[in-house]
Amino acid sequence: MNKLFVFFLLVTFQAFSQSKKECINVMTSYVKNYNTPEYSFDFVDDKLNPTLTKVQTIVCKTKDKELLEKFLEMILKTSGSANEHPADVFGQIFICNPEIVEEQLKGKFKNEIIFDNLKLGFLNNTFDWPASDKKKSLQNRMNKLINQK
């Protein structure tokens, strides 16, 4: 079997078989060890990013506020990271369920770093969408949320 295929199979299996608790553990571990050599590129690519994809799946399916809060806390505590995947995941969560994001960003997570991640993730996820009422409506909701300051 091709080594690349096996690698992707393992990453996919890891991402889709994780529980909420395992996702929280990976994000917590990343925050605690942020900027240490062993939690650099390999950890981000092989462990964190697939976990964040699972977080997106869980939050979009179940509207899990606790998991979304842990995810937003991770974004805040690792705000110097060049990794755009958290922003992309956040944009997807907003697209699939704007209400849960709006609720969080009007309260505890009303923060410029969070707003910047939302904007980047939304734009990354919708840049190739054709003009539509859905895109315009979501863009307006996002702008209203960001400009609530």
# chains A, B, ... in the order shown; residues from 1 in each chain; ligands from 1
$ closest_atom_pairs --of "stretch 66-112 of chain A" --to "stretch 125-144 of chain A" --cutoff "9 Å" --atoms "only C-alpha atoms" --output "tab-separated table"
residue	atom	partner	partner_atom	distance
A:Asp88	CA	A:Asn125	CA	6.6
A:Val89	CA	A:Asn125	CA	9.0
A:Gly91	CA	A:Asn125	CA	6.6
A:Gln92	CA	A:Asn125	CA	6.9
A:Phe94	CA	A:Leu138	CA	8.4
A:Ile95	CA	A:Leu138	CA	7.1
A:Pro98	CA	A:Leu138	CA	7.8
A:Glu102	CA	A:Met142	CA	8.3
$ closest_atom_pairs --of "stretch 52-128 of chain A" --to "stretch 24-39 of chain A" --cutoff "7 Å" --atoms "only C-alpha atoms" --output "tab-separated table"
residue	atom	partner	partner_atom	distance
A:Lys70	CA	A:Ile24	CA	6.8
A:Met74	CA	A:Val31	CA	6.1
A:Lys77	CA	A:Val31	CA	6.4
A:Thr78	CA	A:Val31	CA	6.5
$ residues_around --residues "stretch 56-61 of chain A" --least-positions-apart "2" --cutoff "12 Å" --atoms "only C-alpha atoms" --output "PyMOL selection string"
chain A and resi 15-21+23-24+49-54+63-72+85-101
$ select_by_dssp --residues "chain A" --states "alpha helix (DSSP H)" --output "PyMOL selection string"
chain A and resi 3-17+20-32+41-43+49-62+65-77+85-96+98-105+112-126+133-146
$ write_last_selection --atoms "C-alpha atoms" --output "mmCIF file, in the first residue's frame"
data_model
loop_
_atom_site.group_PDB
_atom_site.id
_atom_site.type_symbol
_atom_site.label_atom_id
_atom_site.label_comp_id
_atom_site.auth_asym_id
_atom_site.auth_seq_id
_atom_site.Cartn_x
_atom_site.Cartn_y
_atom_site.Cartn_z
ATOM 1 C CA LYS A 3 2.570 5.170 2.427
ATOM 2 C CA LEU A 4 0.760 8.433 1.689
ATOM 3 C CA PHE A 5 -2.559 6.600 1.398
ATOM 4 C CA VAL A 6 -1.974 4.864 4.740
ATOM 5 C CA PHE A 7 -1.067 8.194 6.358
ATOM 6 C CA PHE A 8 -4.261 9.853 5.115
ATOM 7 C CA LEU A 9 -6.297 6.849 6.166
ATOM 8 C CA LEU A 10 -4.909 7.077 9.707
ATOM 9 C CA VAL A 11 -5.457 10.838 9.918
ATOM 10 C CA THR A 12 -9.000 10.464 8.609
ATOM 11 C CA PHE A 13 -9.747 7.650 11.049
ATOM 12 C CA GLN A 14 -8.345 9.724 13.916
ATOM 13 C CA ALA A 15 -10.396 12.765 12.967
ATOM 14 C CA PHE A 16 -13.684 10.926 12.608
ATOM 15 C CA SER A 17 -13.369 8.563 15.534
ATOM 16 C CA LYS A 20 -15.714 15.291 22.359
ATOM 17 C CA LYS A 21 -13.496 14.597 25.373
ATOM 18 C CA GLU A 22 -10.581 13.569 23.166
ATOM 19 C CA CYS A 23 -11.006 16.741 21.112
ATOM 20 C CA ILE A 24 -10.935 18.865 24.250
ATOM 21 C CA ASN A 25 -7.823 17.007 25.455
ATOM 22 C CA VAL A 26 -5.964 17.706 22.198
ATOM 23 C CA MET A 27 -6.896 21.405 22.248
ATOM 24 C CA THR A 28 -5.966 21.709 25.938
ATOM 25 C CA SER A 29 -2.646 19.985 25.345
ATOM 26 C CA TYR A 30 -1.927 22.319 22.450
ATOM 27 C CA VAL A 31 -2.677 25.418 24.554
ATOM 28 C CA LYS A 32 -0.512 24.208 27.458
ATOM 29 C CA PHE A 41 4.350 21.765 12.819
ATOM 30 C CA ASP A 42 4.048 17.990 13.110
ATOM 31 C CA PHE A 43 1.640 18.176 16.040
ATOM 32 C CA ASN A 49 -5.900 20.141 12.548
ATOM 33 C CA PRO A 50 -7.700 16.781 12.152
ATOM 34 C CA THR A 51 -9.084 17.280 15.678
ATOM 35 C CA LEU A 52 -10.378 20.741 14.787
ATOM 36 C CA THR A 53 -12.135 19.258 11.776
ATOM 37 C CA LYS A 54 -13.854 16.840 14.174
ATOM 38 C CA VAL A 55 -14.749 19.770 16.480
ATOM 39 C CA GLN A 56 -16.418 21.419 13.495
ATOM 40 C CA THR A 57 -18.390 18.259 12.733
ATOM 41 C CA ILE A 58 -19.554 17.849 16.322
ATOM 42 C CA VAL A 59 -20.517 21.509 16.832
ATOM 43 C CA CYS A 60 -22.330 21.704 13.499
ATOM 44 C CA LYS A 61 -24.277 18.507 14.222
ATOM 45 C CA THR A 62 -25.031 18.932 17.921
ATOM 46 C CA LYS A 65 -21.740 25.067 23.306
ATOM 47 C CA GLU A 66 -19.122 23.650 25.668
ATOM 48 C CA LEU A 67 -17.011 22.326 22.815
ATOM 49 C CA LEU A 68 -17.352 25.618 20.938
ATOM 50 C CA GLU A 69 -16.229 27.495 24.063
ATOM 51 C CA LYS A 70 -13.140 25.267 24.429
ATOM 52 C CA PHE A 71 -12.360 25.861 20.770
ATOM 53 C CA LEU A 72 -12.699 29.651 21.148
ATOM 54 C CA GLU A 73 -10.529 29.588 24.275
ATOM 55 C CA MET A 74 -7.881 27.755 22.270
ATOM 56 C CA ILE A 75 -8.027 30.423 19.554
ATOM 57 C CA LEU A 76 -7.545 33.173 22.123
ATOM 58 C CA LYS A 77 -4.654 31.470 23.888
ATOM 59 C CA HIS A 85 -7.106 26.040 10.049
ATOM 60 C CA PRO A 86 -8.747 27.213 13.314
ATOM 61 C CA ALA A 87 -10.108 30.274 11.492
ATOM 62 C CA ASP A 88 -11.360 28.111 8.624
ATOM 63 C CA VAL A 89 -13.075 25.746 11.062
ATOM 64 C CA PHE A 90 -14.615 28.722 12.861
ATOM 65 C CA GLY A 91 -15.892 30.093 9.552
ATOM 66 C CA GLN A 92 -17.490 26.733 8.759
ATOM 67 C CA ILE A 93 -19.120 26.580 12.185
ATOM 68 C CA PHE A 94 -20.567 30.053 11.571
ATOM 69 C CA ILE A 95 -21.842 28.984 8.157
ATOM 70 C CA CYS A 96 -23.505 25.823 9.473
ATOM 71 C CA PRO A 98 -24.621 31.226 12.903
ATOM 72 C CA GLU A 99 -26.880 31.381 15.956
ATOM 73 C CA ILE A 100 -24.526 29.482 18.259
ATOM 74 C CA VAL A 101 -21.591 31.648 17.139
ATOM 75 C CA GLU A 102 -23.566 34.863 17.554
ATOM 76 C CA GLU A 103 -24.531 33.837 21.081
ATOM 77 C CA GLN A 104 -20.898 33.272 22.068
ATOM 78 C CA LEU A 105 -19.577 36.430 20.386
ATOM 79 C CA GLU A 112 -11.103 41.362 18.419
ATOM 80 C CA ILE A 113 -8.975 38.206 17.995
ATOM 81 C CA ILE A 114 -12.117 36.089 17.742
ATOM 82 C CA PHE A 115 -13.715 38.538 15.288
ATOM 83 C CA ASP A 116 -10.578 38.490 13.108
ATOM 84 C CA ASN A 117 -10.608 34.686 13.055
ATOM 85 C CA LEU A 118 -14.283 34.636 12.133
ATOM 86 C CA LYS A 119 -13.777 37.113 9.310
ATOM 87 C CA LEU A 120 -10.747 35.243 7.924
ATOM 88 C CA GLY A 121 -12.450 31.854 8.178
ATOM 89 C CA PHE A 122 -15.672 33.079 6.612
ATOM 90 C CA LEU A 123 -13.832 34.723 3.724
ATOM 91 C CA ASN A 124 -11.631 31.648 3.168
ATOM 92 C CA ASN A 125 -14.709 29.418 3.058
ATOM 93 C CA THR A 126 -16.855 31.615 0.825
ATOM 94 C CA ASP A 133 -28.829 35.558 -0.970
ATOM 95 C CA LYS A 134 -27.370 33.012 1.475
ATOM 96 C CA LYS A 135 -23.844 34.385 1.139
ATOM 97 C CA LYS A 136 -25.070 37.981 1.431
ATOM 98 C CA SER A 137 -27.225 37.152 4.454
ATOM 99 C CA LEU A 138 -24.361 35.389 6.255
ATOM 100 C CA GLN A 139 -21.969 38.217 5.360
ATOM 101 C CA ASN A 140 -24.412 40.759 6.801
ATOM 102 C CA ARG A 141 -24.867 38.719 9.987
ATOM 103 C CA MET A 142 -21.128 38.428 10.409
ATOM 104 C CA ASN A 143 -20.553 42.150 9.819
ATOM 105 C CA LYS A 144 -23.293 43.068 12.277
ATOM 106 C CA LEU A 145 -21.739 40.779 14.867
ATOM 107 C CA ILE A 146 -18.236 42.144 14.335
#
$ atom_distance --atom1 "atom CA of A:Lys106" --atom2 "atom CA of A:Ser81"
24.2 Å
$ decode --residues "stretch 53-68 of chain A" --atoms "all heavy atoms" --output "PDB file, in the first residue's frame"
ATOM      1  N   THR A  53     -11.124  19.657  12.760  1.00  0.00           N
ATOM      2  CA  THR A  53     -12.135  19.258  11.776  1.00  0.00           C
ATOM      3  C   THR A  53     -13.245  18.457  12.470  1.00  0.00           C
ATOM      4  O   THR A  53     -14.431  18.633  12.173  1.00  0.00           O
ATOM      5  CB  THR A  53     -11.487  18.456  10.634  1.00  0.00           C
ATOM      6  OG1 THR A  53     -10.503  19.288  10.011  1.00  0.00           O
ATOM      7  CG2 THR A  53     -12.510  18.005   9.616  1.00  0.00           C
ATOM      8  N   LYS A  54     -12.865  17.605  13.402  1.00  0.00           N
ATOM      9  CA  LYS A  54     -13.854  16.840  14.174  1.00  0.00           C
ATOM     10  C   LYS A  54     -14.670  17.775  15.058  1.00  0.00           C
ATOM     11  O   LYS A  54     -15.888  17.603  15.196  1.00  0.00           O
ATOM     12  CB  LYS A  54     -13.148  15.765  15.018  1.00  0.00           C
ATOM     13  CG  LYS A  54     -14.099  14.921  15.836  1.00  0.00           C
ATOM     14  CD  LYS A  54     -15.059  14.134  14.964  1.00  0.00           C
ATOM     15  CE  LYS A  54     -15.942  13.234  15.797  1.00  0.00           C
ATOM     16  NZ  LYS A  54     -16.823  12.396  15.017  1.00  0.00           N
ATOM     17  N   VAL A  55     -14.025  18.769  15.670  1.00  0.00           N
ATOM     18  CA  VAL A  55     -14.749  19.770  16.480  1.00  0.00           C
ATOM     19  C   VAL A  55     -15.825  20.429  15.614  1.00  0.00           C
ATOM     20  O   VAL A  55     -16.973  20.575  16.042  1.00  0.00           O
ATOM     21  CB  VAL A  55     -13.774  20.817  17.072  1.00  0.00           C
ATOM     22  CG1 VAL A  55     -14.528  22.009  17.647  1.00  0.00           C
ATOM     23  CG2 VAL A  55     -12.878  20.179  18.125  1.00  0.00           C
ATOM     24  N   GLN A  56     -15.458  20.806  14.417  1.00  0.00           N
ATOM     25  CA  GLN A  56     -16.418  21.419  13.495  1.00  0.00           C
ATOM     26  C   GLN A  56     -17.613  20.494  13.257  1.00  0.00           C
ATOM     27  O   GLN A  56     -18.764  20.919  13.337  1.00  0.00           O
ATOM     28  CB  GLN A  56     -15.731  21.738  12.177  1.00  0.00           C
ATOM     29  CG  GLN A  56     -16.654  22.207  11.080  1.00  0.00           C
ATOM     30  CD  GLN A  56     -15.938  22.286   9.747  1.00  0.00           C
ATOM     31  OE1 GLN A  56     -14.781  22.678   9.674  1.00  0.00           O
ATOM     32  NE2 GLN A  56     -16.618  21.913   8.688  1.00  0.00           N
ATOM     33  N   THR A  57     -17.326  19.232  12.993  1.00  0.00           N
ATOM     34  CA  THR A  57     -18.390  18.259  12.733  1.00  0.00           C
ATOM     35  C   THR A  57     -19.327  18.136  13.938  1.00  0.00           C
ATOM     36  O   THR A  57     -20.549  18.163  13.787  1.00  0.00           O
ATOM     37  CB  THR A  57     -17.778  16.880  12.385  1.00  0.00           C
ATOM     38  OG1 THR A  57     -16.958  17.026  11.228  1.00  0.00           O
ATOM     39  CG2 THR A  57     -18.856  15.845  12.146  1.00  0.00           C
ATOM     40  N   ILE A  58     -18.741  18.017  15.106  1.00  0.00           N
ATOM     41  CA  ILE A  58     -19.554  17.849  16.322  1.00  0.00           C
ATOM     42  C   ILE A  58     -20.401  19.092  16.582  1.00  0.00           C
ATOM     43  O   ILE A  58     -21.603  18.991  16.839  1.00  0.00           O
ATOM     44  CB  ILE A  58     -18.661  17.531  17.546  1.00  0.00           C
ATOM     45  CG1 ILE A  58     -18.004  16.165  17.401  1.00  0.00           C
ATOM     46  CG2 ILE A  58     -19.477  17.601  18.847  1.00  0.00           C
ATOM     47  CD1 ILE A  58     -16.929  15.864  18.443  1.00  0.00           C
ATOM     48  N   VAL A  59     -19.786  20.271  16.525  1.00  0.00           N
ATOM     49  CA  VAL A  59     -20.517  21.509  16.832  1.00  0.00           C
ATOM     50  C   VAL A  59     -21.604  21.758  15.788  1.00  0.00           C
ATOM     51  O   VAL A  59     -22.719  22.161  16.137  1.00  0.00           O
ATOM     52  CB  VAL A  59     -19.559  22.715  16.960  1.00  0.00           C
ATOM     53  CG1 VAL A  59     -20.330  24.022  17.100  1.00  0.00           C
ATOM     54  CG2 VAL A  59     -18.625  22.531  18.159  1.00  0.00           C
ATOM     55  N   CYS A  60     -21.309  21.505  14.534  1.00  0.00           N
ATOM     56  CA  CYS A  60     -22.330  21.704  13.499  1.00  0.00           C
ATOM     57  C   CYS A  60     -23.508  20.745  13.660  1.00  0.00           C
ATOM     58  O   CYS A  60     -24.649  21.129  13.446  1.00  0.00           O
ATOM     59  CB  CYS A  60     -21.715  21.573  12.104  1.00  0.00           C
ATOM     60  SG  CYS A  60     -20.751  23.019  11.611  1.00  0.00           S
ATOM     61  N   LYS A  61     -23.217  19.509  14.057  1.00  0.00           N
ATOM     62  CA  LYS A  61     -24.277  18.507  14.222  1.00  0.00           C
ATOM     63  C   LYS A  61     -25.076  18.692  15.508  1.00  0.00           C
ATOM     64  O   LYS A  61     -26.292  18.530  15.514  1.00  0.00           O
ATOM     65  CB  LYS A  61     -23.677  17.102  14.239  1.00  0.00           C
ATOM     66  CG  LYS A  61     -23.607  16.430  12.931  1.00  0.00           C
ATOM     67  CD  LYS A  61     -23.187  14.974  13.126  1.00  0.00           C
ATOM     68  CE  LYS A  61     -23.043  14.289  11.805  1.00  0.00           C
ATOM     69  NZ  LYS A  61     -22.586  12.913  11.951  1.00  0.00           N
ATOM     70  N   THR A  62     -24.378  18.982  16.607  1.00  0.00           N
ATOM     71  CA  THR A  62     -25.031  18.932  17.921  1.00  0.00           C
ATOM     72  C   THR A  62     -25.211  20.282  18.598  1.00  0.00           C
ATOM     73  O   THR A  62     -25.839  20.353  19.644  1.00  0.00           O
ATOM     74  CB  THR A  62     -24.225  18.035  18.885  1.00  0.00           C
ATOM     75  OG1 THR A  62     -22.964  18.663  19.149  1.00  0.00           O
ATOM     76  CG2 THR A  62     -24.021  16.651  18.307  1.00  0.00           C
ATOM     77  N   LYS A  63     -24.629  21.340  18.013  1.00  0.00           N
ATOM     78  CA  LYS A  63     -24.677  22.689  18.613  1.00  0.00           C
ATOM     79  C   LYS A  63     -24.079  22.680  20.028  1.00  0.00           C
ATOM     80  O   LYS A  63     -24.582  23.333  20.929  1.00  0.00           O
ATOM     81  CB  LYS A  63     -26.101  23.233  18.625  1.00  0.00           C
ATOM     82  CG  LYS A  63     -26.719  23.326  17.258  1.00  0.00           C
ATOM     83  CD  LYS A  63     -28.140  23.833  17.307  1.00  0.00           C
ATOM     84  CE  LYS A  63     -28.725  23.825  15.896  1.00  0.00           C
ATOM     85  NZ  LYS A  63     -30.085  24.321  15.863  1.00  0.00           N
ATOM     86  N   ASP A  64     -23.001  21.948  20.191  1.00  0.00           N
ATOM     87  CA  ASP A  64     -22.364  21.768  21.494  1.00  0.00           C
ATOM     88  C   ASP A  64     -21.656  23.056  21.929  1.00  0.00           C
ATOM     89  O   ASP A  64     -20.576  23.391  21.443  1.00  0.00           O
ATOM     90  CB  ASP A  64     -21.364  20.615  21.415  1.00  0.00           C
ATOM     91  CG  ASP A  64     -20.822  20.203  22.764  1.00  0.00           C
ATOM     92  OD1 ASP A  64     -20.416  21.088  23.540  1.00  0.00           O
ATOM     93  OD2 ASP A  64     -20.795  18.991  23.039  1.00  0.00           O
ATOM     94  N   LYS A  65     -22.271  23.775  22.848  1.00  0.00           N
ATOM     95  CA  LYS A  65     -21.740  25.067  23.306  1.00  0.00           C
ATOM     96  C   LYS A  65     -20.443  24.901  24.089  1.00  0.00           C
ATOM     97  O   LYS A  65     -19.533  25.723  23.968  1.00  0.00           O
ATOM     98  CB  LYS A  65     -22.773  25.795  24.160  1.00  0.00           C
ATOM     99  CG  LYS A  65     -23.968  26.257  23.378  1.00  0.00           C
ATOM    100  CD  LYS A  65     -24.982  26.926  24.265  1.00  0.00           C
ATOM    101  CE  LYS A  65     -26.235  27.235  23.474  1.00  0.00           C
ATOM    102  NZ  LYS A  65     -27.267  27.843  24.298  1.00  0.00           N
ATOM    103  N   GLU A  66     -20.339  23.864  24.883  1.00  0.00           N
ATOM    104  CA  GLU A  66     -19.122  23.650  25.668  1.00  0.00           C
ATOM    105  C   GLU A  66     -17.921  23.418  24.750  1.00  0.00           C
ATOM    106  O   GLU A  66     -16.851  23.997  24.950  1.00  0.00           O
ATOM    107  CB  GLU A  66     -19.270  22.459  26.615  1.00  0.00           C
ATOM    108  CG  GLU A  66     -17.996  22.182  27.403  1.00  0.00           C
ATOM    109  CD  GLU A  66     -17.998  20.863  28.157  1.00  0.00           C
ATOM    110  OE1 GLU A  66     -18.853  19.982  27.885  1.00  0.00           O
ATOM    111  OE2 GLU A  66     -17.127  20.714  29.024  1.00  0.00           O
ATOM    112  N   LEU A  67     -18.098  22.601  23.741  1.00  0.00           N
ATOM    113  CA  LEU A  67     -17.011  22.326  22.815  1.00  0.00           C
ATOM    114  C   LEU A  67     -16.636  23.587  22.031  1.00  0.00           C
ATOM    115  O   LEU A  67     -15.454  23.881  21.835  1.00  0.00           O
ATOM    116  CB  LEU A  67     -17.385  21.187  21.866  1.00  0.00           C
ATOM    117  CG  LEU A  67     -16.277  20.666  20.962  1.00  0.00           C
ATOM    118  CD1 LEU A  67     -15.056  20.218  21.760  1.00  0.00           C
ATOM    119  CD2 LEU A  67     -16.811  19.518  20.109  1.00  0.00           C
ATOM    120  N   LEU A  68     -17.624  24.355  21.626  1.00  0.00           N
ATOM    121  CA  LEU A  68     -17.352  25.618  20.938  1.00  0.00           C
ATOM    122  C   LEU A  68     -16.581  26.568  21.845  1.00  0.00           C
ATOM    123  O   LEU A  68     -15.627  27.211  21.408  1.00  0.00           O
ATOM    124  CB  LEU A  68     -18.646  26.275  20.455  1.00  0.00           C
ATOM    125  CG  LEU A  68     -18.484  27.622  19.744  1.00  0.00           C
ATOM    126  CD1 LEU A  68     -17.578  27.500  18.514  1.00  0.00           C
ATOM    127  CD2 LEU A  68     -19.847  28.185  19.370  1.00  0.00           C
TER     128      LEU A  68
END
